[in-house]
2 protein chains.
Amino acid sequence: MSEGELTRRGLLKAGAAGAAAGAAAGAVPEGAEAKPRRRPPGRRADVVVVGAGLSGLRAARELVAHGRSVLVLEARDRVGGRTLNHSIGSGKIVEVGGEWVGPTQDHVIALAKDLGIGTFKTFNDGNNVYYANGTLLPYAAGGPLGPVPPDPTGGAEAEEAITLINQMAATVPVAAPWTASNATAWDSQTLETWKQNNLHTPNGQALLDVGIEAVFAAEPRDISLLFALFYTASATNETTAPDINRLFSTPGGAQDSRLVGGSQLISIRMAQELETRPPHRVLLNQPVRIIAQTRSGVRVSTDHVAVSAKHVIVTGPPAITALIRYQPDLPWMRAQLTQRYPQGTVIKCEAVYDKPFWREQGLTGQAVSLTGPVKVTFDNSPPDGSPGVMLGFIEGQEARKASQLSPADRRKAVLDNLVTYFGQQAANPRQYIEMNWSTEAWTRGCYVGFTAPGVLLDYGPAIRAPVGRIHWAGAETSDYWNGYMDGAVRSGERAAHEVLAAL
Amino acid sequence: MSEGELTRRGLLKAGAAGAAAGAAAGAVPEGAEAKPRRRPPGRRADVVVVGAGLSGLRAARELVAHGRSVLVLEARDRVGGRTLNHSIGSGKIVEVGGEWVGPTQDHVIALAKDLGIGTFKTFNDGNNVYYANGTLLPYAAGGPLGPVPPDPTGGAEAEEAITLINQMAATVPVAAPWTASNATAWDSQTLETWKQNNLHTPNGQALLDVGIEAVFAAEPRDISLLFALFYTASATNETTAPDINRLFSTPGGAQDSRLVGGSQLISIRMAQELETRPPHRVLLNQPVRIIAQTRSGVRVSTDHVAVSAKHVIVTGPPAITALIRYQPDLPWMRAQLTQRYPQGTVIKCEAVYDKPFWREQGLTGQAVSLTGPVKVTFDNSPPDGSPGVMLGFIEGQEARKASQLSPADRRKAVLDNLVTYFGQQAANPRQYIEMNWSTEAWTRGCYVGFTAPGVLLDYGPAIRAPVGRIHWAGAETSDYWNGYMDGAVRSGERAAHEVLAAL
C-alpha cells in the first residue's frame, strides 16, 4: 500500500477508516471484534511496545535494527500519538498536533532525514504583531531566538525575566533536576509565585503568562518553578547552553521548521518500515489493558490479543500509563507519580483561506496577544503557500473557559481574535478546524505532562526507572527536549537500549 | 453469620479469607472466577454503587430506605474502604485506617449511633510530649482545641499562623472554594510559599510542617494555599465557625473520640443490613472495569458481572475513579481533574505492648516531634486499656523516604522515635504493625486526595458535578468534613438524594 493510499484511506484517518488502517498497518485477528470474550490468541515477540507514537515506533525501529522481534500495540486506529495530519483537500494537510522542529533537536531531525522526510522553514518574513491594551503593534520578526514583543511598559522586564530564568536553568541537571542545588526552594513554589516576586508591571507579567501558556498549555500557577527551569534546561542538546528563548522562538527555536508532508509522516514511515519486514507488526485498535510480569517475561493483553515477551516498553503521557492494570501492582512511588503528572490543556484552531493574505501585508502571521482566547498565532500554510492557513492556539485557562462555549461561539471568538490581529480578511475562512487534545481518550491533554510543586523533588526518578521488565518511554521521560518530538524520539532510543542491554 | 464470625473469618480479613468474605457479604456468581471470559451474567438494580466504603454503603442505605433496589460493587475482598480493623488477638482490634470522630462530625456520629456502635474518648489524660532540637518537653494536653506545643522559639509564631489561617479560611465557601474573593491569589501559591512569607523562625515553620503533614500526609509545598484554607473551612458543620485547630486537636477536634469495635464496623454493619434484606446486595472482589451510559440507563461491568441500572454512584479517591473505562468518555474537565487530585502518603505504624506504660508516667501517649520518621503519635489502646497500643504516623516526605528502608530498618527507626518520646520500654513491642496505604491498589495513598495550585480554580466544580447518570461520592466530594469519615458519610447521603431526585 502506497503512502498516498495510507494517507487517504488508512493510518491518517480516524473513525470509519480505522478498519482499513488496521488492515494496512497490522491485522487485528479476524473475528476478534465479534468474540471479545474468547481467550485471546497468543503471540510472541522479544519486546512489546505499547503505543505507536514517535517514542514507541522509534524504540521498535531500534530493536528491529538490532535483530529483535517486536510487536507494537496501539490503542488508536492510527499511528503518530500526539502528531496528527489532517487533510484540507487537494492532497494538502495541516497538522492538528505537534509539528515543529528546530536547531538542537538533532534526533528527530536525523530520523526524519533517514526516513526521507524533508524540512522547511516556518514562514517568518516580515513583521510579527503584538496586541496589548487595545493597540496592535507590528515588530520585526528577526531572529534567531527572539525578540520579545516590544511592550512599552513590560517588555524590558520580560527580557530581564528571561535572563534570570536562564541563569537558574543553567544550574539544573536535565537527567536529575531534583539534584539542583536550589531544587527544594524551586520545587516549593509555583512559577506564578516567582513571577509575582520578580516581575512588577502588568504587561511584563502578562507577557510571561503568554510565553508559559504557549510552552506548557498551562498557567504559571499550575507549574512548579523547578519544573519550568528543568524544561528550559532540557530544551537543547548536550553541547548547547539552555535558553528559554529557544522554547518561545521561531527562527533558531522550537518553532523553526516544519516537516514536508506533516509531522505524522515520521510515524507513518516508521510503521510502514516495520510492516514491510514481517514478523514485525504494528497492531492498531489495541488498547493495552493488562501488563503481567513474571521473573521470566511479560504478558501484555488487549481485549483481542495477548503477547508474551521478554520486555515491554510503555510509552505515552504518564497519566495515561496509569490506566493499564499492572500485575503485580507497580511500585507505589510510580503509582503516585502518575497521580501527579497532569497534561496541559490546548485547543489548536486552524482557519484555511484561499491564500495567506497576511503575507501581502508584510506580516509573518505570528501574533502575540494579551487578549484571548487565541493569544498566539502562526502561519501554518503548506510549503507552497497555498492555501493560506492561520493557526491559533487556545491554551491553559483560556482553553478551560473556551470549552464551555458552543462550537459556533468559540469559532466566532477565535475568528474575532484573528480579525483583530490580521484584519477583516480573517473573518471568513473557507474551512475552520479545531482539535481539543483534552478530549482524546489516549492523550487527555497536550502538549505535555508537567508537575506541580513537590513532585520532581519526591517522585522525580520514578519517571523512567524501569520496573522489572517494564521500561518507560515517551516525551515526558526525556532528559533533553522533554515534551517535544525530539524528546519522544530520544526516549524511544534510550528505552530500546535499556532493553537491548537487558536482553 | 455473627459479627464475631465476620470479624474473624470474613469481611475484616484480606487474602485467603476473601472467599469467605465474599460468601458472607454478597455472592460472587459461582464459577465466575474460573470462566472470566464468559459473557457476564446480567443483573438489574435501580442504582449501582461502586465502592463499599462509608460513602457507598451510606448511599446504598439511603436508597434502600427509600424503597430503591441497589447493588454495591466493591473491588476489594472486604468492605470499609479507607477504614480497616486489624486483629491484635484476644478479640481485640486496632484500626490501620481512619479511626477518629469528633464534635461537628454529626453525620458519621449519628450513623454510628443508629447502627448501635458506641464511641469513647481518645486517651488524653496527662501530658503530651514535644520533641525538638534534642529536647523532650512535656506539656499539659488540655483542650478543647489545642494547645500548640510550647516551643520556646516558634510556638508563638505557630499560634499566630493558626489565627491568620482561620481568618482566611472564614472567607472560603465550602461548597465552592473557587469563588472565595481571594481565590485566585490563594490558588496561585503553595502553602509553603505562604509559610515562608508569614513564619520566620525555624521551629515555627517546622511546627506548621508537622501539623500539615498530620492532616494531609503531604508537605506544605505539595498543597495549594486555597486547598488548605478550603480544608480548614470544611472541617466543621453548617453552624460552627471553622478553626484549623479542629483538624489538629484531640479533645474537641478531629481526634476526639473513637468507635467501639473499630471504625470499619460502621461499614460492616451497613453491609450486613443490606445483606439481610434481599434483593439488596454487596458484591466483593468485583473491581468495576466499565461504566457504559445510554439515554435510558447505565451498564456497569466487572470481570464477572454486568449490572443494568438507572443510575450509578461512583465513590473512592478521584484518582482511582479514573481507572474505570467510561463509555462515552467522561467530559474532559472531569478527566483532567482526576489527573490533578493526588493522594497523600502515609504509613500508619502501631506497636503493641502488654500495657500502655506511658500512662503510668502521666503521659497521654501523644507526641509532637520535629524529627521523623514518626513525628506524631497517639495512644491507640482498646477501650479497656489492654493491651497498650502506641500509634505513630510516617507522613508526606518522611513516608517517601521511609519506604526506601528495609522493613527491619523502618521498624527500628520507628521504635527509636518511640523510645525517644516515651522511654526504653517502647523498644520491644510484642507486636508491630504497619499499613502503607500507598500500596493499596484501590486507594493508592491516604489520608485523602488534595490539590496543588490552580486546580480548584479551574477544575473545582468537576469534583461532584454529575455526568449524566453518573454521580460522584467519596470523602473528597464533601463540602463539610472533606476527606474525613464524616465527609464520606455526608457525600453518600448527598449522592443518594441526587439520584432519588432524578429517579
# chains A, B, ... in the order shown; residues from 1 in each chain; ligands from 1

$ residues_around --residues "range 306-319 of chain A" --least-positions-apart "4" --cutoff "8 Å" --atoms "only C-alpha atoms" --output "VMD selection string"
(chain A and resid 40 to 51 53 55 to 56 81 296 to 302 323 338 to 343 443 448 to 449 463 469 to 476 495 to 496 499 503) or (chain B and resid 339)

$ write_last_selection --atoms "C-alpha atoms" --output "compact mmCIF listing (two decimals), in the first residue's frame"
# COMPACT_ATOMS: atom_id res chain seq x y z
CA PRO A 40 -7.23 -14.06 23.26
CA PRO A 41 -4.89 -15.68 20.76
CA GLY A 42 -1.30 -15.78 21.90
CA ARG A 43 1.61 -14.13 20.19
CA ARG A 44 5.27 -13.91 20.99
CA ALA A 45 7.90 -11.27 20.49
CA ASP A 46 11.14 -10.29 22.15
CA VAL A 47 9.69 -6.93 23.05
CA VAL A 48 6.21 -5.45 23.16
CA VAL A 49 5.95 -1.72 22.64
CA VAL A 50 2.82 -0.04 23.95
CA GLY A 51 2.00 2.96 21.81
CA GLY A 53 3.74 7.32 18.57
CA SER A 55 8.76 7.16 21.01
CA GLY A 56 7.24 3.71 20.61
CA GLY A 81 0.34 9.72 19.04
CA SER A 296 10.98 -14.75 33.02
CA GLY A 297 8.89 -12.36 31.00
CA VAL A 298 5.85 -10.22 30.48
CA ARG A 299 2.40 -10.88 29.12
CA VAL A 300 0.69 -7.88 27.57
CA SER A 301 -3.04 -8.18 26.94
CA THR A 302 -5.54 -6.19 24.96
CA LEU A 323 -4.84 3.29 33.04
CA THR A 338 1.21 9.18 37.74
CA GLN A 339 -1.37 10.83 40.03
CA ARG A 340 0.89 13.90 39.93
CA TYR A 341 1.73 14.39 36.24
CA PRO A 342 -1.21 16.16 34.62
CA GLN A 343 -1.50 17.02 30.95
CA THR A 443 -3.81 11.61 25.46
CA VAL A 448 2.76 17.60 27.62
CA GLY A 449 2.64 16.33 31.18
CA ILE A 463 9.50 8.91 35.65
CA ARG A 469 10.84 -5.81 32.69
CA ILE A 470 8.75 -2.70 32.17
CA HIS A 471 10.54 0.26 30.59
CA TRP A 472 9.14 3.74 30.18
CA ALA A 473 9.40 5.95 27.14
CA GLY A 474 7.51 8.95 25.81
CA ALA A 475 8.31 12.65 25.53
CA GLU A 476 7.86 13.16 29.28
CA ALA A 495 14.35 2.70 26.18
CA ALA A 496 15.38 0.45 23.31
CA VAL A 499 16.07 -3.32 26.76
CA LEU A 503 18.09 -8.96 26.72
CA GLN B 339 -5.06 13.82 36.73

$ select_by_dssp --residues "range 166-281 of chain A" --states "helix (DSSP H, G or I)" --output "PyMOL selection string"
chain A and resi 166-169+177-179+183-186+191-198+202-216+220-222+225-234+245-248+264-275

$ write_last_selection --atoms "C-alpha atoms" --output "mmCIF file, in the first residue's frame"
data_model
loop_
_atom_site.group_PDB
_atom_site.id
_atom_site.type_symbol
_atom_site.label_atom_id
_atom_site.label_comp_id
_atom_site.auth_asym_id
_atom_site.auth_seq_id
_atom_site.Cartn_x
_atom_site.Cartn_y
_atom_site.Cartn_z
ATOM 1 C CA ASN A 166 18.207 31.199 32.004
ATOM 2 C CA GLN A 167 20.645 31.753 34.863
ATOM 3 C CA MET A 168 18.655 29.494 37.162
ATOM 4 C CA ALA A 169 18.038 26.881 34.462
ATOM 5 C CA PRO A 177 16.578 18.143 38.184
ATOM 6 C CA TRP A 178 15.791 17.211 41.778
ATOM 7 C CA THR A 179 19.517 17.342 42.498
ATOM 8 C CA ALA A 183 15.859 22.225 43.992
ATOM 9 C CA THR A 184 13.995 22.350 47.296
ATOM 10 C CA ALA A 185 13.370 26.084 47.162
ATOM 11 C CA TRP A 186 12.395 25.991 43.497
ATOM 12 C CA LEU A 191 6.209 29.700 38.671
ATOM 13 C CA GLU A 192 3.454 32.241 39.421
ATOM 14 C CA THR A 193 4.966 32.946 42.830
ATOM 15 C CA TRP A 194 8.325 33.539 41.221
ATOM 16 C CA LYS A 195 6.668 35.780 38.651
ATOM 17 C CA GLN A 196 4.913 37.829 41.347
ATOM 18 C CA ASN A 197 8.199 38.237 43.188
ATOM 19 C CA ASN A 198 10.266 39.196 40.150
ATOM 20 C CA PRO A 202 1.121 44.153 34.496
ATOM 21 C CA ASN A 203 2.320 43.744 30.939
ATOM 22 C CA GLY A 204 5.626 42.184 31.924
ATOM 23 C CA GLN A 205 3.680 39.611 33.906
ATOM 24 C CA ALA A 206 1.173 39.124 31.104
ATOM 25 C CA LEU A 207 3.958 38.577 28.584
ATOM 26 C CA LEU A 208 5.420 35.853 30.763
ATOM 27 C CA ASP A 209 1.956 34.325 31.031
ATOM 28 C CA VAL A 210 1.610 34.171 27.257
ATOM 29 C CA GLY A 211 5.007 32.584 26.884
ATOM 30 C CA ILE A 212 4.374 29.975 29.553
ATOM 31 C CA GLU A 213 0.916 29.184 28.225
ATOM 32 C CA ALA A 214 2.396 28.744 24.759
ATOM 33 C CA VAL A 215 5.020 26.300 26.019
ATOM 34 C CA PHE A 216 3.052 24.303 28.618
ATOM 35 C CA PRO A 220 2.307 29.758 35.722
ATOM 36 C CA ARG A 221 0.297 28.899 38.850
ATOM 37 C CA ASP A 222 -0.093 25.294 37.677
ATOM 38 C CA LEU A 225 9.230 26.705 39.281
ATOM 39 C CA LEU A 226 11.693 23.799 39.307
ATOM 40 C CA PHE A 227 9.770 22.073 36.527
ATOM 41 C CA ALA A 228 9.783 25.228 34.418
ATOM 42 C CA LEU A 229 13.537 25.541 34.931
ATOM 43 C CA PHE A 230 14.065 21.869 34.144
ATOM 44 C CA TYR A 231 12.027 22.261 30.972
ATOM 45 C CA THR A 232 14.142 25.245 29.977
ATOM 46 C CA ALA A 233 17.346 23.361 30.714
ATOM 47 C CA SER A 234 16.036 20.379 28.793
ATOM 48 C CA ASN A 245 14.043 31.777 24.151
ATOM 49 C CA ARG A 246 14.589 28.515 22.336
ATOM 50 C CA LEU A 247 11.131 27.451 23.578
ATOM 51 C CA PHE A 248 9.476 30.703 22.585
ATOM 52 C CA GLN A 264 2.806 12.398 11.475
ATOM 53 C CA LEU A 265 4.610 11.139 8.399
ATOM 54 C CA ILE A 266 7.573 10.259 10.612
ATOM 55 C CA SER A 267 5.458 7.740 12.492
ATOM 56 C CA ILE A 268 3.704 6.539 9.349
ATOM 57 C CA ARG A 269 7.015 5.828 7.614
ATOM 58 C CA MET A 270 8.378 4.020 10.663
ATOM 59 C CA ALA A 271 5.220 1.905 10.828
ATOM 60 C CA GLN A 272 5.473 1.101 7.123
ATOM 61 C CA GLU A 273 9.071 0.053 7.588
ATOM 62 C CA LEU A 274 8.093 -2.261 10.429
ATOM 63 C CA GLU A 275 5.251 -3.693 8.395
#

$ interface_residues --of "chain B" --to "chain A" --cutoff "9 Å" --atoms "only C-alpha atoms" --output "NGL selection string"
:B and (36-39 or 187-193 or 219-223 or 319 or 322-325 or 329-333 or 335-345 or 397 or 400-401 or 438-441 or 444-445 or 452-455 or 458-459)

$ atom_distance --atom1 "CA of Leu259 in chain B" --atom2 "CA of Gly142 in chain B"
21.7 Å

$ closest_residue --among "A:Pro461, A:Gly372, A:Pro103, A:Pro173" --to "Ala399 in chain A" --atoms "only C-alpha atoms"
A:Gly372

$ atom_distance --atom1 "CA of Ala408 in chain B" --atom2 "CA of Trp100 in chain B"
28.7 Å

$ residues_around --residues "His86 in chain A" --least-positions-apart "3" --cutoff "6 Å" --atoms "only C-alpha atoms" --output "PyMOL selection string"
chain A and resi 93-95

$ residues_around --residues "range 350-361 of chain B" --least-positions-apart "5" --cutoff "6 Å" --atoms "only C-alpha atoms" --output "compact mmCIF listing (two decimals) with C-alpha atoms, in the first residue's frame"
# COMPACT_ATOMS: atom_id res chain seq x y z
CA SER B 386 -5.32 -3.54 77.34
CA PRO B 387 -3.06 -4.19 75.60
CA GLY B 388 -1.20 -0.89 75.22
CA VAL B 389 -1.06 0.30 71.64
CA MET B 390 1.18 3.14 70.57
CA LEU B 391 0.36 4.60 67.18
CA PRO B 429 6.71 -4.24 71.47
CA ARG B 430 5.16 -7.67 71.47
CA GLN B 431 3.67 -6.87 68.08
CA TYR B 432 4.46 -4.31 65.39
CA ILE B 433 2.00 -3.44 62.62

$ closest_residue --among "B:Lys348, B:Arg464, B:Arg76, B:Arg289" --to "Val414 in chain B" --atoms "only C-alpha atoms"
B:Lys348
